[in-house]
>>> print(open('start_17.txt').read())   # compact mmCIF, C-alpha atoms
# COMPACT_ATOMS: atom_id res chain seq x y z
CA MET A 1 164.36 138.17 106.75
CA ASP A 2 162.30 136.21 109.23
CA VAL A 3 158.77 135.82 107.86
CA SER A 4 157.62 133.20 110.34
CA PHE A 5 155.22 135.73 111.87
CA LEU A 6 153.17 135.59 108.68
CA GLY A 7 151.97 132.07 109.42
CA GLY A 8 150.34 130.39 106.45
CA PRO A 9 147.78 131.45 103.87
CA GLN A 10 144.25 132.03 105.06
CA PRO A 11 141.92 129.01 104.73
CA GLN A 12 140.14 128.93 101.38
CA ARG A 13 136.84 127.38 100.45
CA GLY A 14 136.79 125.80 97.03
CA VAL A 15 134.32 125.90 94.12
CA GLY A 16 135.07 123.46 91.30
CA VAL A 17 134.17 124.67 87.81
CA VAL A 18 133.93 122.51 84.69
CA ALA A 19 134.06 124.70 81.58
CA PRO A 20 133.98 123.88 77.86
CA PHE A 21 137.38 123.65 76.17
CA ASP A 22 136.93 127.07 74.47
CA PHE A 23 135.94 128.98 77.62
CA ALA A 24 137.98 132.22 77.78
CA LEU A 25 136.45 134.25 80.61
CA ASP A 26 138.08 132.81 83.72
CA ARG A 27 138.77 136.31 85.01
CA GLU A 28 135.12 137.31 84.67
CA LEU A 29 134.05 134.41 86.90
CA TRP A 30 136.56 135.48 89.55
CA ARG A 31 135.08 138.99 89.72
CA TRP A 32 131.96 137.65 91.46
CA VAL A 33 133.95 135.60 93.99
CA PRO A 34 134.73 136.82 97.55
CA ASP A 35 138.31 136.70 98.81
CA GLU A 36 137.81 133.66 101.01
CA VAL A 37 136.73 131.43 98.10
CA SER A 38 138.91 129.94 95.35
CA LEU A 39 137.73 128.78 91.95
CA HIS A 40 139.26 125.54 90.68
CA LEU A 41 138.68 125.34 86.91
CA THR A 42 139.07 122.47 84.51
CA ARG A 43 138.02 122.14 80.88
CA THR A 44 136.39 119.49 78.75
CA PRO A 45 138.53 117.85 76.03
CA PHE A 46 138.90 119.68 72.73
CA VAL A 47 136.63 118.67 69.87
CA PRO A 48 136.89 120.23 66.37
CA VAL A 49 133.30 121.49 66.29
CA GLU A 50 132.05 125.08 66.22
CA VAL A 51 129.39 126.39 68.61
CA SER A 52 126.19 124.53 67.73
CA LEU A 53 123.72 122.05 69.14
CA ASP A 54 126.17 119.28 68.22
CA LEU A 55 128.92 120.90 70.27
CA ALA A 56 126.54 121.46 73.18
CA ARG A 57 125.81 117.74 73.25
CA LEU A 58 129.45 116.71 72.90
CA VAL A 59 130.78 118.83 75.77
CA SER A 60 128.00 117.75 78.11
CA GLU A 61 128.21 113.96 77.81
CA HIS A 62 128.00 112.39 81.24
CA GLU A 63 131.32 110.60 80.97
CA THR A 64 133.05 113.87 80.04
CA LEU A 65 131.53 115.69 83.00
CA GLN A 66 132.28 112.87 85.40
CA ASP A 67 135.96 112.74 84.37
CA ALA A 68 136.23 116.49 84.91
CA VAL A 69 134.64 116.34 88.34
CA ARG A 70 136.92 113.49 89.39
CA ALA A 71 139.91 115.62 88.40
CA LEU A 72 138.56 118.50 90.47
CA SER A 73 138.05 116.23 93.44
CA ALA A 74 141.82 116.16 93.93
CA VAL A 75 141.65 119.70 95.34
CA ALA A 76 138.51 119.00 97.43
CA PRO A 77 136.01 121.66 96.31
CA GLU A 78 132.75 121.92 98.23
CA VAL A 79 130.59 122.16 95.11
CA ALA A 80 131.00 121.50 91.38
CA ALA A 81 129.49 123.78 88.73
CA TYR A 82 129.21 123.06 85.02
CA ALA A 83 129.71 126.51 83.47
CA CYS A 84 128.05 126.06 80.10
CA THR A 85 124.59 127.32 79.22
CA SER A 86 123.92 125.54 75.92
CA GLY A 87 125.53 122.33 77.14
CA SER A 88 123.19 122.25 80.11
CA PHE A 89 119.93 123.22 78.37
CA VAL A 90 120.32 121.14 75.19
CA GLY A 91 118.79 118.07 76.87
CA GLY A 92 115.86 119.93 78.43
CA VAL A 93 114.99 120.06 82.10
CA ALA A 94 115.37 116.30 82.57
CA GLY A 95 118.74 116.36 80.81
CA GLU A 96 120.00 119.12 83.08
CA ARG A 97 118.97 117.18 86.18
CA ALA A 98 120.68 114.06 84.85
CA MET A 99 123.91 116.02 84.35
CA CYS A 100 123.82 117.20 87.96
CA ALA A 101 123.22 113.64 89.14
CA ALA A 102 126.14 112.30 87.08
CA MET A 103 128.49 114.98 88.43
CA THR A 104 127.35 114.42 92.00
CA GLN A 105 127.91 110.69 91.65
CA ALA A 106 131.41 111.19 90.27
CA GLY A 107 132.59 113.64 92.90
CA GLU A 108 130.33 112.86 95.86
CA LEU A 109 129.58 116.56 96.26
CA PRO A 110 126.72 118.93 95.36
CA SER A 111 126.68 119.80 91.67
CA LEU A 112 124.87 122.32 89.50
CA THR A 113 124.83 123.72 85.97
CA THR A 114 124.41 127.15 84.45
CA SER A 115 120.93 126.40 83.11
CA GLY A 116 119.77 124.97 86.43
CA ALA A 117 121.22 128.03 88.17
CA LEU A 118 119.26 130.23 85.76
CA LEU A 119 115.96 128.69 86.83
CA GLU A 120 116.98 129.08 90.46
CA ALA A 121 117.83 132.75 89.87
CA LEU A 122 114.53 133.40 88.10
CA ARG A 123 112.70 131.95 91.10
CA GLU A 124 114.80 134.12 93.42
CA ILE A 125 113.74 137.35 91.70
CA GLY A 126 110.19 136.18 90.93
CA ALA A 127 110.51 136.37 87.14
CA ARG A 128 108.18 134.31 84.94
CA ARG A 129 108.50 136.31 81.70
CA VAL A 130 111.96 136.97 80.28
CA ALA A 131 113.66 138.59 77.35
CA VAL A 132 116.59 136.56 76.04
CA VAL A 133 119.88 137.62 74.46
CA THR A 134 122.30 135.07 72.99
CA PRO A 135 125.38 135.02 70.76
CA TYR A 136 124.17 131.72 69.27
CA THR A 137 122.62 130.70 65.98
CA ARG A 138 118.85 130.54 65.70
CA SER A 139 118.69 126.79 66.32
CA VAL A 140 120.64 127.03 69.59
CA THR A 141 118.56 130.02 70.67
CA ASP A 142 115.41 128.01 69.91
CA SER A 143 116.69 125.24 72.18
CA LEU A 144 117.14 127.72 75.04
CA GLU A 145 113.59 128.95 74.56
CA ASP A 146 112.34 125.34 74.59
CA TYR A 147 114.17 124.72 77.87
CA LEU A 148 112.69 127.82 79.48
CA GLY A 149 109.23 126.96 78.21
CA GLU A 150 109.49 123.47 79.67
CA ALA A 151 110.26 125.11 83.02
CA GLY A 152 107.21 127.37 82.76
CA ILE A 153 109.07 130.52 81.71
CA THR A 154 107.68 132.61 78.85
CA VAL A 155 110.14 134.24 76.46
CA THR A 156 108.64 137.59 75.46
CA GLY A 157 111.35 138.63 73.02
CA ARG A 158 114.83 137.63 71.97
CA ALA A 159 117.87 138.69 69.97
CA TYR A 160 120.86 136.66 68.84
CA LEU A 161 124.13 137.18 66.96
CA GLY A 162 124.40 133.96 64.98
CA LEU A 163 128.02 133.33 65.99
CA THR A 164 129.70 129.93 65.94
CA ARG A 165 133.13 130.92 67.32
CA HIS A 166 135.12 133.65 69.10
CA ILE A 167 132.15 134.56 71.29
CA TRP A 168 134.40 135.87 74.07
CA LYS A 169 135.51 138.70 71.74
CA VAL A 170 132.03 140.24 71.46
CA PRO A 171 132.17 143.84 72.77
CA TYR A 172 129.73 145.21 75.32
CA ARG A 173 128.09 147.42 72.71
CA ASP A 174 126.73 144.38 70.87
CA VAL A 175 125.32 142.96 74.11
CA VAL A 176 123.60 146.29 74.83
CA ASP A 177 122.19 146.53 71.31
CA MET A 178 120.75 143.03 71.55
CA ALA A 179 119.26 143.77 74.97
CA ARG A 180 117.46 146.84 73.64
CA GLU A 181 116.04 144.81 70.75
CA ALA A 182 114.97 141.86 72.90
CA VAL A 183 113.15 143.71 75.69
CA VAL A 184 109.60 143.74 74.35
CA GLY A 185 106.33 142.36 75.69
CA SER A 186 106.80 143.54 79.29
CA PRO A 187 109.29 140.95 80.58
CA ASP A 188 110.08 140.63 84.27
CA ALA A 189 113.81 140.26 83.57
CA LEU A 190 116.45 139.97 80.88
CA PHE A 191 118.71 136.92 80.55
CA ILE A 192 122.03 137.13 78.67
CA SER A 193 123.03 133.60 77.72
CA CYS A 194 126.43 131.91 77.18
CA THR A 195 129.24 131.73 79.73
CA ASN A 196 131.67 132.80 76.99
CA LEU A 197 129.90 136.14 76.44
CA PRO A 198 131.33 139.03 78.52
CA THR A 199 128.67 140.63 80.76
CA TYR A 200 130.09 141.64 84.16
CA ASP A 201 130.42 145.41 83.68
CA VAL A 202 127.31 145.82 81.57
CA ILE A 203 124.79 144.33 84.04
CA PRO A 204 124.39 147.42 86.30
CA GLN A 205 124.25 149.68 83.24
CA LEU A 206 121.47 147.64 81.64
CA GLU A 207 119.49 147.35 84.87
CA ALA A 208 119.54 151.14 85.20
CA GLU A 209 118.51 151.69 81.58
CA LEU A 210 115.94 148.91 81.22
CA ARG A 211 114.60 149.17 84.80
CA MET A 212 114.48 145.44 85.32
CA PRO A 213 116.74 142.72 86.72
CA VAL A 214 119.42 141.50 84.33
CA LEU A 215 120.83 137.99 84.68
CA SER A 216 123.81 136.56 82.84
CA ALA A 217 125.14 133.04 82.48
CA ASN A 218 128.34 133.57 84.45
CA GLN A 219 126.56 135.61 87.10
CA VAL A 220 123.93 132.97 87.88
CA THR A 221 126.52 130.17 87.81
CA VAL A 222 128.78 131.80 90.39
CA TRP A 223 125.82 133.04 92.47
CA ALA A 224 124.29 129.55 92.70
CA ALA A 225 127.60 127.80 93.41
CA LEU A 226 128.48 130.21 96.20
CA ARG A 227 124.99 130.01 97.67
CA GLU A 228 125.34 126.22 97.77
CA ILE A 229 128.27 126.58 100.19
CA GLY A 230 126.72 129.42 102.20
CA ALA A 231 128.77 132.21 100.61
CA GLN A 232 127.62 135.30 98.73
CA ALA A 233 128.63 136.56 95.31
CA VAL A 234 130.02 140.08 95.14
CA GLY A 235 129.41 142.68 92.46
CA PRO A 236 128.22 146.22 91.79
CA TYR A 237 124.50 146.86 92.33
CA GLN A 238 122.80 143.86 90.72
CA ALA A 239 119.26 142.78 91.49
CA LEU A 240 120.18 139.11 91.82
CA LEU A 241 122.95 139.77 94.35
CA ASP A 242 121.40 142.66 96.29
CA PRO A 243 117.72 142.63 97.33
CA ALA A 244 117.97 146.40 97.80
CA ALA A 245 118.69 146.74 94.10
CA ARG A 246 115.35 145.09 93.33
CA ARG A 247 113.66 148.09 94.93
CA GLY A 248 115.75 150.50 92.87
CA PRO A 249 115.68 151.08 89.10
CA ALA A 250 115.81 147.35 88.36
CA GLY A 251 112.59 146.78 90.30
CA MET A 252 110.52 149.54 88.75
CA ALA A 253 109.32 147.57 85.74
CA SER A 254 107.53 144.82 87.65
CA SER A 255 105.97 144.67 91.07
CA THR A 256 106.76 140.94 91.24
CA VAL A 257 110.42 141.70 91.67
CA ALA A 258 109.99 143.68 94.89
CA ASP A 259 108.61 140.63 96.66
CA PRO A 260 109.72 137.62 94.61
CA MET A 261 108.03 134.86 96.57
CA ALA A 262 104.71 136.57 97.19
CA SER A 263 101.79 135.00 95.32
CA MET A 264 104.10 133.19 92.94
CA PRO A 265 102.29 130.10 91.59
CA PRO A 266 104.16 126.92 90.71
CA MET A 267 105.87 126.98 87.34
CA ALA A 268 103.67 124.82 85.21
CA ASP A 269 102.11 125.73 81.89
CA PRO A 270 104.05 128.26 79.83
CA ALA A 271 101.20 128.39 77.32
CA ALA A 272 99.03 130.12 79.90
CA HIS A 273 100.87 133.37 79.25
CA ALA A 274 101.97 132.70 75.71
CA GLU A 275 101.96 135.46 73.16
CA PRO A 276 103.72 136.15 69.86
CA GLU A 277 107.46 136.04 70.39
CA PRO A 278 109.21 138.83 68.52
CA GLU A 279 112.90 138.42 67.95
CA ALA A 280 115.78 140.38 66.53
CA ALA A 281 118.34 138.36 64.63
CA LEU A 282 121.14 140.85 64.91
CA ALA A 283 123.48 138.20 63.53
CA GLY A 284 126.58 140.32 63.42
CA ALA A 285 128.18 138.81 60.51
CA ALA A 286 131.75 138.09 61.14
CA SER A 287 133.23 137.03 64.42
CA PRO A 288 134.82 139.93 66.31
CA GLY A 289 138.36 140.69 65.26
CA PRO A 290 141.27 139.63 67.42
CA ASP A 291 142.01 143.19 68.54
CA VAL A 292 138.54 143.92 69.92
CA ASP A 293 138.51 144.40 73.68
CA PRO A 294 135.16 143.34 75.19
CA ALA A 295 135.59 145.96 77.91
CA ASP A 296 135.78 148.83 75.40
CA GLY A 297 133.33 151.69 75.64
CA LEU A 298 130.85 151.29 78.47
CA ASP A 299 129.72 154.92 78.45
CA PRO A 300 129.07 156.79 76.36
CA GLY A 301 127.86 154.60 73.55
CA PHE A 302 129.33 151.35 74.83
CA GLY A 303 132.22 151.46 72.34
CA PRO A 304 132.55 149.88 68.88
CA GLY A 305 130.33 147.03 67.81
CA ILE A 306 130.74 144.18 65.38
CA GLY A 307 127.46 144.40 63.51
CA GLU A 308 128.95 145.81 60.33
CA GLY A 309 128.58 142.79 58.06
CA PRO A 310 125.66 140.83 56.59
CA PHE A 311 123.13 139.14 58.80
CA LEU A 312 123.63 135.39 59.09
CA ASP A 313 121.27 132.50 58.92
CA ASP A 314 121.81 129.21 60.77
CA SER A 315 123.98 127.83 58.00
CA GLY A 316 126.53 130.60 58.50
CA GLY A 317 125.80 132.20 55.12
CA PRO A 318 124.14 135.55 54.40
CA SER A 319 120.44 135.52 55.06
CA ALA A 320 117.75 137.01 52.89
CA MET A 321 117.07 139.79 55.36
>>> encode(input="start_17.txt", output="structure tokens")
Amino acid sequence: MDVSFLGGPQPQRGVGVVAPFDFALDRELWRWVPDEVSLHLTRTPFVPVEVSLDLARLVSEHETLQDAVRALSAVAPEVAAYACTSGSFVGGVAGERAMCAAMTQAGELPSLTTSGALLEALREIGARRVAVVTPYTRSVTDSLEDYLGEAGITVTGRAYLGLTRHIWKVPYRDVVDMAREAVVGSPDALFISCTNLPTYDVIPQLEAELRMPVLSANQVTVWAALREIGAQAVGPYQALLDPAARRGPAGMASSTVADPMASMPPMADPAAHAEPEPEAALAGAASPGPDVDPADGLDPGFGPGIGEGPFLDDSGGPSAM
């Protein structure tokens, strides 16, 4: 058969992605990407450390990131993104900027991180007060709150699972339960942290229920990387991706969302709006089992959860709760 009439493949624009060695949600990243863009993923070297502040520091060392970006440069992406939330907030705002600079130097191309993309996304939707959901331990969740506070963002409430491994196996029901616990104190938006936590299908559901914009780590990473090259992320009815959605259910909780840039002062002193910060340590005991499908049970009830065991403290043992 003569297939010469087909020509060649359509030109593709490239986005380079550096992910931690245990990243398991490649397919979720692709769901936000338009057809004309390809993702080129590479991973950091394996280290025998569970999810913790120590691991966040290890996978985000400048030399590690630079080696990864140099490897990606072989396929000539237009931008490089470090897809790791904890690894990019563990050093604070200055540390995140230094990571971007190191990556840019190594690959001679624009570079960004998940935590930097988060701040960019919060500015885009005009959110200064956020509820936070994480799968992390308390100490890692504290570090995220410190990073946001340094950037002038107030955390009004938070919930976390206390997991140190197998985060990609967490079902949507647990994400929803945490979101419901965390949304207190009239936040402008909800942020679901960790690029290894599945979120794609649950974002529109939560925006409709909570009536506020919902951001997730993978969502903001892909959104910012695509915006850097003049492309747009795709996805079902999400306030970050679709300004029209900000005027729908997701925009009903806060008037700031309808016009994000209007009367928005510079991010400066988080203490100006500080208040007690309630939290829910849902700490679902054991890591999800190997047979749990994170896509199980969106509606009704969002499927089975994992919160059957004892709550965990930061040491991984049962807490006194």
>>> atom_distance(input="start_17.txt", atom1="CA of Trp32 in chain A", atom2="CA of Trp223 in chain A")
7.7 Å
>>> axis_aligned_box(input="start_17.txt", around="range 42-48 of chain A", padding_each_side="3 Å", output="lines of an AutoDock Vina configuration file")
center_x = 137.7
center_y = 120.2
center_z = 75.4
size_x = 8.7
size_y = 10.6
size_z = 24.1
>>> closest_residue(input="start_17.txt", among="A:Thr104, A:Ser86, A:Arg165, A:Gly95", to="Ala68 in chain A", atoms="all atoms listed in the file")
A:Thr104
>>> closest_residue(input="start_17.txt", among="A:Ala102, A:Ala83, A:Ala117, A:Val17", to="Ala224 in chain A", atoms="all atoms listed in the file")
A:Ala117
>>> closest_residue(input="start_17.txt", among="A:Pro198, A:Gly248, A:Pro11, A:Pro48", to="Glu28 in chain A", atoms="all atoms listed in the file")
A:Pro198
>>> atom_distance(input="start_17.txt", atom1="CA of His166 in chain A", atom2="CA of Tyr82 in chain A")
20.0 Å
>>> build_atoms(input="start_17.txt", residues="range 201-218 of chain A", atoms="N, CA, C and O atoms", output="PDB file, in the frame of the given file")
ATOM      1  N   ASP A 201     130.524 143.958  83.517  1.00  0.00           N
ATOM      2  CA  ASP A 201     130.420 145.410  83.680  1.00  0.00           C
ATOM      3  C   ASP A 201     129.115 145.980  83.131  1.00  0.00           C
ATOM      4  O   ASP A 201     128.707 147.075  83.518  1.00  0.00           O
ATOM      5  N   VAL A 202     128.485 145.263  82.230  1.00  0.00           N
ATOM      6  CA  VAL A 202     127.310 145.820  81.570  1.00  0.00           C
ATOM      7  C   VAL A 202     126.020 145.586  82.361  1.00  0.00           C
ATOM      8  O   VAL A 202     125.016 146.262  82.132  1.00  0.00           O
ATOM      9  N   ILE A 203     126.022 144.661  83.313  1.00  0.00           N
ATOM     10  CA  ILE A 203     124.790 144.330  84.040  1.00  0.00           C
ATOM     11  C   ILE A 203     124.201 145.543  84.777  1.00  0.00           C
ATOM     12  O   ILE A 203     123.010 145.870  84.604  1.00  0.00           O
ATOM     13  N   PRO A 204     124.971 146.250  85.613  1.00  0.00           N
ATOM     14  CA  PRO A 204     124.390 147.420  86.300  1.00  0.00           C
ATOM     15  C   PRO A 204     123.911 148.486  85.329  1.00  0.00           C
ATOM     16  O   PRO A 204     122.887 149.136  85.557  1.00  0.00           O
ATOM     17  N   GLN A 205     124.638 148.693  84.237  1.00  0.00           N
ATOM     18  CA  GLN A 205     124.250 149.680  83.240  1.00  0.00           C
ATOM     19  C   GLN A 205     122.896 149.329  82.623  1.00  0.00           C
ATOM     20  O   GLN A 205     122.014 150.172  82.462  1.00  0.00           O
ATOM     21  N   LEU A 206     122.734 148.062  82.252  1.00  0.00           N
ATOM     22  CA  LEU A 206     121.470 147.640  81.640  1.00  0.00           C
ATOM     23  C   LEU A 206     120.322 147.684  82.631  1.00  0.00           C
ATOM     24  O   LEU A 206     119.194 148.038  82.267  1.00  0.00           O
ATOM     25  N   GLU A 207     120.569 147.295  83.867  1.00  0.00           N
ATOM     26  CA  GLU A 207     119.490 147.350  84.870  1.00  0.00           C
ATOM     27  C   GLU A 207     119.005 148.783  85.049  1.00  0.00           C
ATOM     28  O   GLU A 207     117.802 149.023  85.195  1.00  0.00           O
ATOM     29  N   ALA A 208     119.924 149.742  85.049  1.00  0.00           N
ATOM     30  CA  ALA A 208     119.540 151.140  85.200  1.00  0.00           C
ATOM     31  C   ALA A 208     118.751 151.647  83.994  1.00  0.00           C
ATOM     32  O   ALA A 208     117.769 152.367  84.119  1.00  0.00           O
ATOM     33  N   GLU A 209     119.183 151.229  82.791  1.00  0.00           N
ATOM     34  CA  GLU A 209     118.510 151.690  81.580  1.00  0.00           C
ATOM     35  C   GLU A 209     117.164 151.000  81.368  1.00  0.00           C
ATOM     36  O   GLU A 209     116.156 151.646  81.056  1.00  0.00           O
ATOM     37  N   LEU A 210     117.140 149.678  81.532  1.00  0.00           N
ATOM     38  CA  LEU A 210     115.940 148.910  81.220  1.00  0.00           C
ATOM     39  C   LEU A 210     114.955 148.834  82.383  1.00  0.00           C
ATOM     40  O   LEU A 210     113.819 148.420  82.219  1.00  0.00           O
ATOM     41  N   ARG A 211     115.426 149.173  83.590  1.00  0.00           N
ATOM     42  CA  ARG A 211     114.600 149.170  84.800  1.00  0.00           C
ATOM     43  C   ARG A 211     114.001 147.787  85.064  1.00  0.00           C
ATOM     44  O   ARG A 211     112.797 147.645  85.302  1.00  0.00           O
ATOM     45  N   MET A 212     114.876 146.803  85.002  1.00  0.00           N
ATOM     46  CA  MET A 212     114.480 145.440  85.320  1.00  0.00           C
ATOM     47  C   MET A 212     115.732 144.654  85.703  1.00  0.00           C
ATOM     48  O   MET A 212     116.851 145.049  85.352  1.00  0.00           O
ATOM     49  N   PRO A 213     115.575 143.548  86.416  1.00  0.00           N
ATOM     50  CA  PRO A 213     116.740 142.720  86.720  1.00  0.00           C
ATOM     51  C   PRO A 213     117.366 142.144  85.452  1.00  0.00           C
ATOM     52  O   PRO A 213     116.669 141.782  84.509  1.00  0.00           O
ATOM     53  N   VAL A 214     118.677 142.079  85.444  1.00  0.00           N
ATOM     54  CA  VAL A 214     119.420 141.500  84.330  1.00  0.00           C
ATOM     55  C   VAL A 214     120.259 140.347  84.878  1.00  0.00           C
ATOM     56  O   VAL A 214     121.050 140.523  85.810  1.00  0.00           O
ATOM     57  N   LEU A 215     120.070 139.179  84.301  1.00  0.00           N
ATOM     58  CA  LEU A 215     120.830 137.990  84.680  1.00  0.00           C
ATOM     59  C   LEU A 215     121.759 137.617  83.537  1.00  0.00           C
ATOM     60  O   LEU A 215     121.415 137.792  82.369  1.00  0.00           O
ATOM     61  N   SER A 216     122.924 137.077  83.878  1.00  0.00           N
ATOM     62  CA  SER A 216     123.810 136.560  82.840  1.00  0.00           C
ATOM     63  C   SER A 216     124.260 135.169  83.231  1.00  0.00           C
ATOM     64  O   SER A 216     124.188 134.769  84.401  1.00  0.00           O
ATOM     65  N   ALA A 217     124.769 134.439  82.256  1.00  0.00           N
ATOM     66  CA  ALA A 217     125.140 133.040  82.480  1.00  0.00           C
ATOM     67  C   ALA A 217     126.215 132.898  83.548  1.00  0.00           C
ATOM     68  O   ALA A 217     126.087 132.086  84.470  1.00  0.00           O
ATOM     69  N   ASN A 218     127.282 133.670  83.453  1.00  0.00           N
ATOM     70  CA  ASN A 218     128.340 133.570  84.450  1.00  0.00           C
ATOM     71  C   ASN A 218     127.871 134.041  85.818  1.00  0.00           C
ATOM     72  O   ASN A 218     128.228 133.466  86.847  1.00  0.00           O
TER      73      ASN A 218
END
